[in-house]
Amino acid sequence: MPAWVDGKLMFYADSPPRRLMDLFSLKWSSMVLHALYHWPGHRARTGELQRSLQGISKKMLFQTLKELEQRGLIARHVYEVIPPKVDYRLTPLGMTFAAPIEQMYQWGLENQAALDEMATHYQAAMDEPSAASYRHDPVPDAD
């Protein structure tokens, strides 16, 4: 939660909300978790994940899987067979994180019109001639 310090609102870098939102800094992390959540047994092979996530490159998928594994949200399982077989599965921690992601995805399904409206507003703002200069103007300090 933010804290008030000397009459100013502070959002500390190590606060739980900021640490949580940091998990979304990797573009595909929520989509990979979402896919694994819905995959039978909450596990899938790399190729299956790539085919199910339209637009993700193999390189980005591997980077995302590696980071999610390092954070303890998924586990990599290597089978002792030839040719080698690997799958990725949600850990118990990953399951607890995937549940709120599912709520956000459900919100998106239920509010498609609002998402379309946001996209329209954003595109209109980007198309305005003054938008280019507005985006580059520094924000004045309120103090």
# chains A, B, ... in the order shown; residues from 1 in each chain; ligands from 1

$ residues_around --residues "range 40-43 of chain A" --least-positions-apart "4" --cutoff "10 Å" --atoms "only C-alpha atoms" --output "compact mmCIF listing (two decimals) with all heavy atoms, in the first residue's frame"
# COMPACT_ATOMS: atom_id res chain seq x y z
N LEU A 33 0.98 -17.92 -18.47
CA LEU A 33 0.31 -18.45 -17.28
C LEU A 33 -1.15 -18.78 -17.57
O LEU A 33 -1.67 -19.81 -17.14
CB LEU A 33 0.42 -17.46 -16.12
CG LEU A 33 1.84 -17.25 -15.58
CD1 LEU A 33 1.88 -16.07 -14.61
CD2 LEU A 33 2.36 -18.52 -14.92
N HIS A 34 -1.80 -17.91 -18.32
CA HIS A 34 -3.20 -18.13 -18.72
C HIS A 34 -3.32 -19.42 -19.54
O HIS A 34 -4.22 -20.24 -19.30
CB HIS A 34 -3.67 -16.92 -19.52
CG HIS A 34 -5.04 -17.01 -20.10
ND1 HIS A 34 -6.18 -17.06 -19.34
CD2 HIS A 34 -5.45 -17.05 -21.39
CE1 HIS A 34 -7.24 -17.12 -20.13
NE2 HIS A 34 -6.82 -17.11 -21.38
N ALA A 35 -2.42 -19.62 -20.49
CA ALA A 35 -2.46 -20.82 -21.32
C ALA A 35 -2.22 -22.07 -20.47
O ALA A 35 -2.97 -23.05 -20.60
CB ALA A 35 -1.41 -20.72 -22.43
N LEU A 36 -1.22 -22.04 -19.61
CA LEU A 36 -0.95 -23.21 -18.77
C LEU A 36 -2.10 -23.50 -17.82
O LEU A 36 -2.40 -24.66 -17.53
CB LEU A 36 0.35 -23.02 -17.99
CG LEU A 36 1.63 -23.13 -18.81
CD1 LEU A 36 2.85 -22.73 -17.97
CD2 LEU A 36 1.80 -24.54 -19.37
N GLU A 48 3.58 -26.73 -28.15
CA GLU A 48 2.15 -26.55 -27.94
C GLU A 48 1.84 -25.13 -27.48
O GLU A 48 0.88 -24.50 -27.95
CB GLU A 48 1.64 -27.55 -26.89
CG GLU A 48 1.73 -28.99 -27.31
CD GLU A 48 1.46 -29.96 -26.18
OE1 GLU A 48 1.83 -29.67 -25.02
OE2 GLU A 48 0.86 -31.02 -26.46
N LEU A 49 2.65 -24.64 -26.56
CA LEU A 49 2.46 -23.27 -26.08
C LEU A 49 2.64 -22.26 -27.21
O LEU A 49 1.83 -21.35 -27.38
CB LEU A 49 3.43 -22.95 -24.94
CG LEU A 49 3.07 -23.49 -23.58
CD1 LEU A 49 4.22 -23.30 -22.61
CD2 LEU A 49 1.81 -22.81 -23.05
N ILE A 74 6.39 -21.40 -12.64
CA ILE A 74 6.26 -22.62 -13.43
C ILE A 74 7.47 -23.50 -13.15
O ILE A 74 8.50 -23.03 -12.64
CB ILE A 74 6.16 -22.34 -14.95
CG1 ILE A 74 7.43 -21.70 -15.48
CG2 ILE A 74 4.93 -21.50 -15.26
CD1 ILE A 74 7.48 -21.60 -17.01
N ALA A 75 7.32 -24.77 -13.47
CA ALA A 75 8.43 -25.72 -13.32
C ALA A 75 8.67 -26.39 -14.67
O ALA A 75 7.73 -26.68 -15.41
CB ALA A 75 8.11 -26.77 -12.27
N ARG A 76 9.92 -26.60 -14.97
CA ARG A 76 10.33 -27.28 -16.21
C ARG A 76 10.56 -28.74 -15.85
O ARG A 76 11.30 -29.06 -14.93
CB ARG A 76 11.61 -26.63 -16.72
CG ARG A 76 12.14 -27.17 -18.01
CD ARG A 76 13.35 -26.33 -18.43
NE ARG A 76 13.83 -26.69 -19.73
CZ ARG A 76 14.84 -27.53 -19.95
NH1 ARG A 76 15.50 -28.06 -18.93
NH2 ARG A 76 15.20 -27.82 -21.18
N HIS A 77 9.91 -29.62 -16.61
CA HIS A 77 10.07 -31.06 -16.36
C HIS A 77 10.69 -31.70 -17.59
O HIS A 77 10.16 -31.59 -18.69
CB HIS A 77 8.72 -31.71 -16.05
CG HIS A 77 8.81 -33.17 -15.80
ND1 HIS A 77 9.23 -33.67 -14.59
CD2 HIS A 77 8.56 -34.23 -16.60
CE1 HIS A 77 9.23 -34.99 -14.66
NE2 HIS A 77 8.82 -35.35 -15.86
N ASP A 87 8.35 -30.45 -20.68
CA ASP A 87 7.11 -29.69 -20.57
C ASP A 87 7.24 -28.70 -19.42
O ASP A 87 8.17 -28.77 -18.61
CB ASP A 87 5.87 -30.57 -20.45
CG ASP A 87 5.73 -31.32 -19.14
OD1 ASP A 87 6.26 -30.88 -18.10
OD2 ASP A 87 5.02 -32.34 -19.12
N TYR A 88 6.33 -27.76 -19.42
CA TYR A 88 6.28 -26.73 -18.39
C TYR A 88 4.93 -26.83 -17.71
O TYR A 88 3.91 -27.06 -18.35
CB TYR A 88 6.46 -25.33 -19.01
CG TYR A 88 7.85 -25.14 -19.56
CD1 TYR A 88 8.16 -25.52 -20.86
CD2 TYR A 88 8.86 -24.62 -18.76
CE1 TYR A 88 9.43 -25.36 -21.35
CE2 TYR A 88 10.14 -24.45 -19.25
CZ TYR A 88 10.42 -24.83 -20.55
OH TYR A 88 11.70 -24.67 -21.03
N ARG A 89 4.94 -26.68 -16.39
CA ARG A 89 3.71 -26.79 -15.62
C ARG A 89 3.66 -25.71 -14.55
O ARG A 89 4.70 -25.25 -14.07
CB ARG A 89 3.59 -28.17 -15.00
CG ARG A 89 4.88 -28.77 -14.54
CD ARG A 89 4.78 -30.20 -14.07
NE ARG A 89 5.06 -31.14 -15.14
CZ ARG A 89 5.24 -32.43 -14.96
NH1 ARG A 89 5.19 -32.93 -13.77
NH2 ARG A 89 5.47 -33.22 -15.97
N LEU A 90 2.45 -25.34 -14.22
CA LEU A 90 2.27 -24.37 -13.15
C LEU A 90 2.66 -24.99 -11.82
O LEU A 90 2.34 -26.14 -11.55
CB LEU A 90 0.80 -23.92 -13.06
CG LEU A 90 0.28 -23.01 -14.16
CD1 LEU A 90 -1.21 -22.76 -13.97
CD2 LEU A 90 1.03 -21.68 -14.17
N THR A 91 3.36 -24.24 -11.00
CA THR A 91 3.65 -24.65 -9.64
C THR A 91 2.45 -24.26 -8.77
O THR A 91 1.57 -23.51 -9.21
CB THR A 91 4.91 -23.94 -9.11
OG1 THR A 91 4.63 -22.53 -9.06
CG2 THR A 91 6.13 -24.22 -9.98
N GLY A 94 2.32 -20.68 -8.86
CA GLY A 94 1.80 -20.24 -10.15
C GLY A 94 0.29 -20.35 -10.23
O GLY A 94 -0.37 -19.50 -10.83
N MET A 95 -0.26 -21.39 -9.62
CA MET A 95 -1.73 -21.54 -9.59
C MET A 95 -2.37 -20.39 -8.83
O MET A 95 -3.40 -19.87 -9.24
CB MET A 95 -2.12 -22.88 -8.97
CG MET A 95 -1.85 -24.08 -9.86
SD MET A 95 -2.87 -24.10 -11.35
CE MET A 95 -4.48 -24.38 -10.64

$ select_by_dssp --residues "chain A" --states "strand (DSSP E)" --output "short mmCIF file (atom, residue, chain, number, x, y, z; two decimals) with C-alpha atoms, in the first residue's frame"
data_model
loop_
_atom_site.label_atom_id
_atom_site.label_comp_id
_atom_site.auth_asym_id
_atom_site.auth_seq_id
_atom_site.Cartn_x
_atom_site.Cartn_y
_atom_site.Cartn_z
CA ALA A 3 2.32 5.48 2.49
CA TRP A 4 2.12 9.15 3.41
CA VAL A 5 5.54 10.59 4.22
CA LYS A 8 3.43 13.22 0.19
CA LEU A 9 2.12 9.93 -1.12
CA MET A 10 4.95 7.40 -1.57
CA ARG A 43 1.14 -28.40 -18.30
CA ALA A 44 2.21 -28.08 -21.93
CA ARG A 45 5.19 -28.62 -24.15
CA ILE A 74 6.26 -22.62 -13.43
CA ALA A 75 8.43 -25.72 -13.32
CA ARG A 76 10.33 -27.28 -16.21
CA HIS A 77 10.07 -31.06 -16.36
CA VAL A 78 12.56 -33.03 -18.47
CA TYR A 79 11.56 -36.59 -19.38
CA LYS A 85 10.94 -34.22 -24.13
CA VAL A 86 10.30 -31.17 -21.92
CA ASP A 87 7.11 -29.69 -20.57
CA TYR A 88 6.28 -26.73 -18.39
CA ARG A 89 3.71 -26.79 -15.62
CA LEU A 90 2.27 -24.37 -13.15
#

$ residues_around --residues "range 54-70 of chain A" --least-positions-apart "6" --cutoff "7 Å" --atoms "only C-alpha atoms" --output "short mmCIF file (atom, residue, chain, number, x, y, z; two decimals) with N, CA, C and O atoms, in the first residue's frame"
data_model
loop_
_atom_site.label_atom_id
_atom_site.label_comp_id
_atom_site.auth_asym_id
_atom_site.auth_seq_id
_atom_site.Cartn_x
_atom_site.Cartn_y
_atom_site.Cartn_z
N LEU A 26 7.18 -8.40 -18.21
CA LEU A 26 7.51 -9.25 -19.35
C LEU A 26 6.22 -9.45 -20.15
O LEU A 26 5.25 -9.98 -19.63
N TRP A 28 4.70 -11.30 -22.28
CA TRP A 28 3.93 -12.53 -22.48
C TRP A 28 3.68 -13.32 -21.20
O TRP A 28 3.06 -14.38 -21.26
N SER A 29 4.14 -12.86 -20.05
CA SER A 29 4.04 -13.68 -18.84
C SER A 29 2.61 -14.05 -18.49
O SER A 29 2.32 -15.21 -18.20
#

$ select_by_dssp --residues "chain A" --states "alpha helix (DSSP H)" --output "short mmCIF file (atom, residue, chain, number, x, y, z; two decimals) with N, CA and C atoms, in the first residue's frame"
data_model
loop_
_atom_site.label_atom_id
_atom_site.label_comp_id
_atom_site.auth_asym_id
_atom_site.auth_seq_id
_atom_site.Cartn_x
_atom_site.Cartn_y
_atom_site.Cartn_z
N PRO A 16 4.50 -4.50 -1.97
CA PRO A 16 3.88 -5.65 -2.62
C PRO A 16 3.15 -5.33 -3.92
N PRO A 17 2.37 -4.24 -4.01
CA PRO A 17 1.72 -3.96 -5.30
C PRO A 17 2.72 -3.73 -6.44
N ARG A 18 3.80 -3.03 -6.17
CA ARG A 18 4.80 -2.78 -7.23
C ARG A 18 5.52 -4.06 -7.60
N ARG A 19 5.80 -4.89 -6.59
CA ARG A 19 6.45 -6.17 -6.89
C ARG A 19 5.52 -7.06 -7.71
N LEU A 20 4.24 -7.02 -7.42
CA LEU A 20 3.27 -7.79 -8.19
C LEU A 20 3.21 -7.29 -9.63
N MET A 21 3.10 -5.98 -9.80
CA MET A 21 3.00 -5.43 -11.15
C MET A 21 4.28 -5.66 -11.95
N ASP A 22 5.41 -5.82 -11.27
CA ASP A 22 6.66 -6.12 -11.95
C ASP A 22 6.57 -7.46 -12.70
N SER A 29 4.14 -12.86 -20.05
CA SER A 29 4.04 -13.68 -18.84
C SER A 29 2.61 -14.05 -18.49
N SER A 30 1.70 -13.08 -18.52
CA SER A 30 0.33 -13.41 -18.15
C SER A 30 -0.32 -14.35 -19.16
N MET A 31 0.03 -14.21 -20.43
CA MET A 31 -0.55 -15.09 -21.45
C MET A 31 -0.05 -16.52 -21.30
N VAL A 32 1.23 -16.69 -20.97
CA VAL A 32 1.77 -18.04 -20.77
C VAL A 32 1.10 -18.67 -19.55
N LEU A 33 0.98 -17.92 -18.47
CA LEU A 33 0.31 -18.45 -17.28
C LEU A 33 -1.15 -18.78 -17.57
N HIS A 34 -1.80 -17.91 -18.32
CA HIS A 34 -3.20 -18.13 -18.72
C HIS A 34 -3.32 -19.42 -19.54
N ALA A 35 -2.42 -19.62 -20.49
CA ALA A 35 -2.46 -20.82 -21.32
C ALA A 35 -2.22 -22.07 -20.47
N LEU A 36 -1.22 -22.04 -19.61
CA LEU A 36 -0.95 -23.21 -18.77
C LEU A 36 -2.10 -23.50 -17.82
N TYR A 37 -2.76 -22.46 -17.35
CA TYR A 37 -3.89 -22.62 -16.44
C TYR A 37 -5.00 -23.42 -17.11
N HIS A 38 -5.18 -23.20 -18.42
CA HIS A 38 -6.26 -23.86 -19.15
C HIS A 38 -5.84 -25.17 -19.80
N THR A 46 6.66 -26.97 -25.10
CA THR A 46 7.02 -25.68 -25.68
C THR A 46 6.32 -25.43 -27.01
N GLY A 47 6.35 -26.39 -27.89
CA GLY A 47 5.71 -26.22 -29.20
C GLY A 47 4.21 -26.01 -29.08
N GLU A 48 3.58 -26.73 -28.15
CA GLU A 48 2.15 -26.55 -27.94
C GLU A 48 1.84 -25.13 -27.48
N LEU A 49 2.65 -24.64 -26.56
CA LEU A 49 2.46 -23.27 -26.08
C LEU A 49 2.64 -22.26 -27.21
N GLN A 50 3.69 -22.44 -28.00
CA GLN A 50 3.95 -21.48 -29.08
C GLN A 50 2.81 -21.48 -30.09
N ARG A 51 2.29 -22.65 -30.43
CA ARG A 51 1.18 -22.70 -31.39
C ARG A 51 -0.10 -22.10 -30.81
N SER A 52 -0.27 -22.17 -29.50
CA SER A 52 -1.50 -21.64 -28.90
C SER A 52 -1.43 -20.14 -28.62
N LYS A 58 9.62 -17.82 -30.89
CA LYS A 58 10.24 -18.88 -30.10
C LYS A 58 11.19 -18.29 -29.06
N LYS A 59 11.96 -17.28 -29.48
CA LYS A 59 12.91 -16.63 -28.57
C LYS A 59 12.17 -16.00 -27.38
N MET A 60 11.08 -15.27 -27.66
CA MET A 60 10.33 -14.62 -26.58
C MET A 60 9.68 -15.66 -25.68
N LEU A 61 9.18 -16.74 -26.25
CA LEU A 61 8.58 -17.80 -25.43
C LEU A 61 9.62 -18.37 -24.48
N PHE A 62 10.82 -18.67 -24.98
CA PHE A 62 11.86 -19.23 -24.11
C PHE A 62 12.28 -18.24 -23.03
N GLN A 63 12.39 -16.95 -23.38
CA GLN A 63 12.74 -15.94 -22.37
C GLN A 63 11.65 -15.87 -21.29
N THR A 64 10.40 -15.90 -21.71
CA THR A 64 9.29 -15.82 -20.77
C THR A 64 9.26 -17.05 -19.87
N LEU A 65 9.40 -18.23 -20.46
CA LEU A 65 9.41 -19.47 -19.68
C LEU A 65 10.55 -19.46 -18.66
N LYS A 66 11.71 -19.00 -19.08
CA LYS A 66 12.86 -18.96 -18.18
C LYS A 66 12.60 -18.03 -16.99
N GLU A 67 12.07 -16.83 -17.26
CA GLU A 67 11.80 -15.89 -16.17
C GLU A 67 10.72 -16.43 -15.23
N LEU A 68 9.66 -17.01 -15.79
CA LEU A 68 8.60 -17.55 -14.93
C LEU A 68 9.12 -18.70 -14.09
N GLU A 69 10.02 -19.50 -14.66
CA GLU A 69 10.63 -20.59 -13.91
C GLU A 69 11.53 -20.03 -12.79
N GLN A 70 12.31 -19.01 -13.10
CA GLN A 70 13.19 -18.41 -12.09
C GLN A 70 12.39 -17.80 -10.94
N PRO A 92 2.41 -24.73 -7.52
CA PRO A 92 1.35 -24.26 -6.63
C PRO A 92 1.31 -22.73 -6.52
N LEU A 93 2.48 -22.10 -6.47
CA LEU A 93 2.54 -20.64 -6.45
C LEU A 93 1.98 -20.06 -7.75
N GLY A 94 2.32 -20.68 -8.86
CA GLY A 94 1.80 -20.24 -10.15
C GLY A 94 0.29 -20.35 -10.23
N MET A 95 -0.26 -21.39 -9.62
CA MET A 95 -1.73 -21.54 -9.59
C MET A 95 -2.37 -20.39 -8.83
N THR A 96 -1.75 -19.98 -7.71
CA THR A 96 -2.34 -18.88 -6.94
C THR A 96 -2.24 -17.56 -7.70
N PHE A 97 -1.19 -17.41 -8.52
CA PHE A 97 -1.04 -16.20 -9.32
C PHE A 97 -1.95 -16.22 -10.54
N ALA A 98 -2.19 -17.40 -11.10
CA ALA A 98 -3.02 -17.51 -12.30
C ALA A 98 -4.48 -17.18 -12.02
N ALA A 99 -4.95 -17.44 -10.81
CA ALA A 99 -6.37 -17.19 -10.50
C ALA A 99 -6.75 -15.72 -10.68
N PRO A 100 -6.01 -14.74 -10.14
CA PRO A 100 -6.37 -13.35 -10.40
C PRO A 100 -6.20 -12.95 -11.87
N ILE A 101 -5.26 -13.56 -12.57
CA ILE A 101 -5.10 -13.29 -13.99
C ILE A 101 -6.38 -13.72 -14.72
N GLU A 102 -6.92 -14.85 -14.31
CA GLU A 102 -8.16 -15.33 -14.91
C GLU A 102 -9.29 -14.35 -14.68
N GLN A 103 -9.32 -13.70 -13.52
CA GLN A 103 -10.35 -12.70 -13.25
C GLN A 103 -10.19 -11.50 -14.20
N MET A 104 -8.96 -11.09 -14.46
CA MET A 104 -8.72 -9.98 -15.39
C MET A 104 -9.14 -10.38 -16.81
N TYR A 105 -8.82 -11.59 -17.22
CA TYR A 105 -9.21 -12.04 -18.55
C TYR A 105 -10.73 -12.11 -18.66
N GLN A 106 -11.40 -12.54 -17.61
CA GLN A 106 -12.86 -12.59 -17.60
C GLN A 106 -13.43 -11.18 -17.72
N TRP A 107 -12.82 -10.21 -17.01
CA TRP A 107 -13.25 -8.83 -17.13
C TRP A 107 -13.14 -8.37 -18.58
N GLY A 108 -12.04 -8.74 -19.23
CA GLY A 108 -11.85 -8.37 -20.62
C GLY A 108 -12.93 -8.94 -21.53
N LEU A 109 -13.30 -10.19 -21.27
CA LEU A 109 -14.36 -10.80 -22.07
C LEU A 109 -15.70 -10.10 -21.84
N GLU A 110 -15.96 -9.76 -20.60
CA GLU A 110 -17.24 -9.14 -20.25
C GLU A 110 -17.30 -7.66 -20.64
N GLN A 112 -15.71 -6.09 -23.49
CA GLN A 112 -15.08 -5.89 -24.79
C GLN A 112 -15.40 -4.52 -25.38
N ALA A 113 -16.62 -4.06 -25.15
CA ALA A 113 -17.01 -2.74 -25.68
C ALA A 113 -16.17 -1.64 -25.03
N ALA A 114 -15.91 -1.75 -23.75
CA ALA A 114 -15.08 -0.75 -23.06
C ALA A 114 -13.65 -0.79 -23.59
N LEU A 115 -13.12 -1.99 -23.86
CA LEU A 115 -11.78 -2.10 -24.43
C LEU A 115 -11.72 -1.50 -25.83
N ASP A 116 -12.78 -1.73 -26.62
CA ASP A 116 -12.83 -1.13 -27.95
C ASP A 116 -12.86 0.39 -27.85
N GLU A 117 -13.63 0.92 -26.90
CA GLU A 117 -13.72 2.37 -26.72
C GLU A 117 -12.37 2.95 -26.30
N MET A 118 -11.67 2.25 -25.41
CA MET A 118 -10.35 2.72 -24.99
C MET A 118 -9.40 2.76 -26.19
N ALA A 119 -9.44 1.74 -27.03
CA ALA A 119 -8.57 1.68 -28.20
C ALA A 119 -8.90 2.82 -29.16
N THR A 120 -10.18 3.11 -29.33
CA THR A 120 -10.59 4.20 -30.21
C THR A 120 -10.10 5.54 -29.68
N HIS A 121 -10.26 5.77 -28.38
CA HIS A 121 -9.78 7.03 -27.77
C HIS A 121 -8.27 7.16 -27.91
N TYR A 122 -7.57 6.08 -27.66
CA TYR A 122 -6.11 6.11 -27.75
C TYR A 122 -5.66 6.41 -29.18
N GLN A 123 -6.27 5.71 -30.13
CA GLN A 123 -5.89 5.92 -31.53
C GLN A 123 -6.18 7.35 -31.96
N ALA A 124 -7.33 7.89 -31.54
CA ALA A 124 -7.67 9.27 -31.88
C ALA A 124 -6.66 10.24 -31.28
N ALA A 125 -6.24 9.99 -30.06
CA ALA A 125 -5.25 10.86 -29.42
C ALA A 125 -3.90 10.78 -30.13
N MET A 126 -3.54 9.60 -30.58
CA MET A 126 -2.27 9.43 -31.28
C MET A 126 -2.31 10.08 -32.66
N ASP A 127 -3.48 10.16 -33.26
CA ASP A 127 -3.61 10.73 -34.60
C ASP A 127 -3.69 12.25 -34.60
N ALA A 131 -0.55 15.74 -30.72
CA ALA A 131 -0.17 14.62 -29.85
C ALA A 131 1.33 14.41 -29.83
N ALA A 132 2.00 14.61 -30.97
CA ALA A 132 3.44 14.38 -31.02
C ALA A 132 4.18 15.33 -30.09
N SER A 133 3.83 16.60 -30.09
CA SER A 133 4.53 17.53 -29.21
C SER A 133 4.11 17.31 -27.76
N TYR A 134 2.88 16.93 -27.54
CA TYR A 134 2.38 16.70 -26.19
C TYR A 134 3.12 15.53 -25.53
N ARG A 135 3.36 14.47 -26.29
CA ARG A 135 4.01 13.28 -25.74
C ARG A 135 5.45 13.56 -25.32
N HIS A 136 6.08 14.53 -25.93
CA HIS A 136 7.49 14.77 -25.65
C HIS A 136 7.73 15.91 -24.65
#

$ atom_distance --atom1 "CA of Ser15 in chain A" --atom2 "CA of Arg71 in chain A"
17.0 Å

$ atom_distance --atom1 "CA of Ser25 in chain A" --atom2 "CA of Leu73 in chain A"
14.8 Å
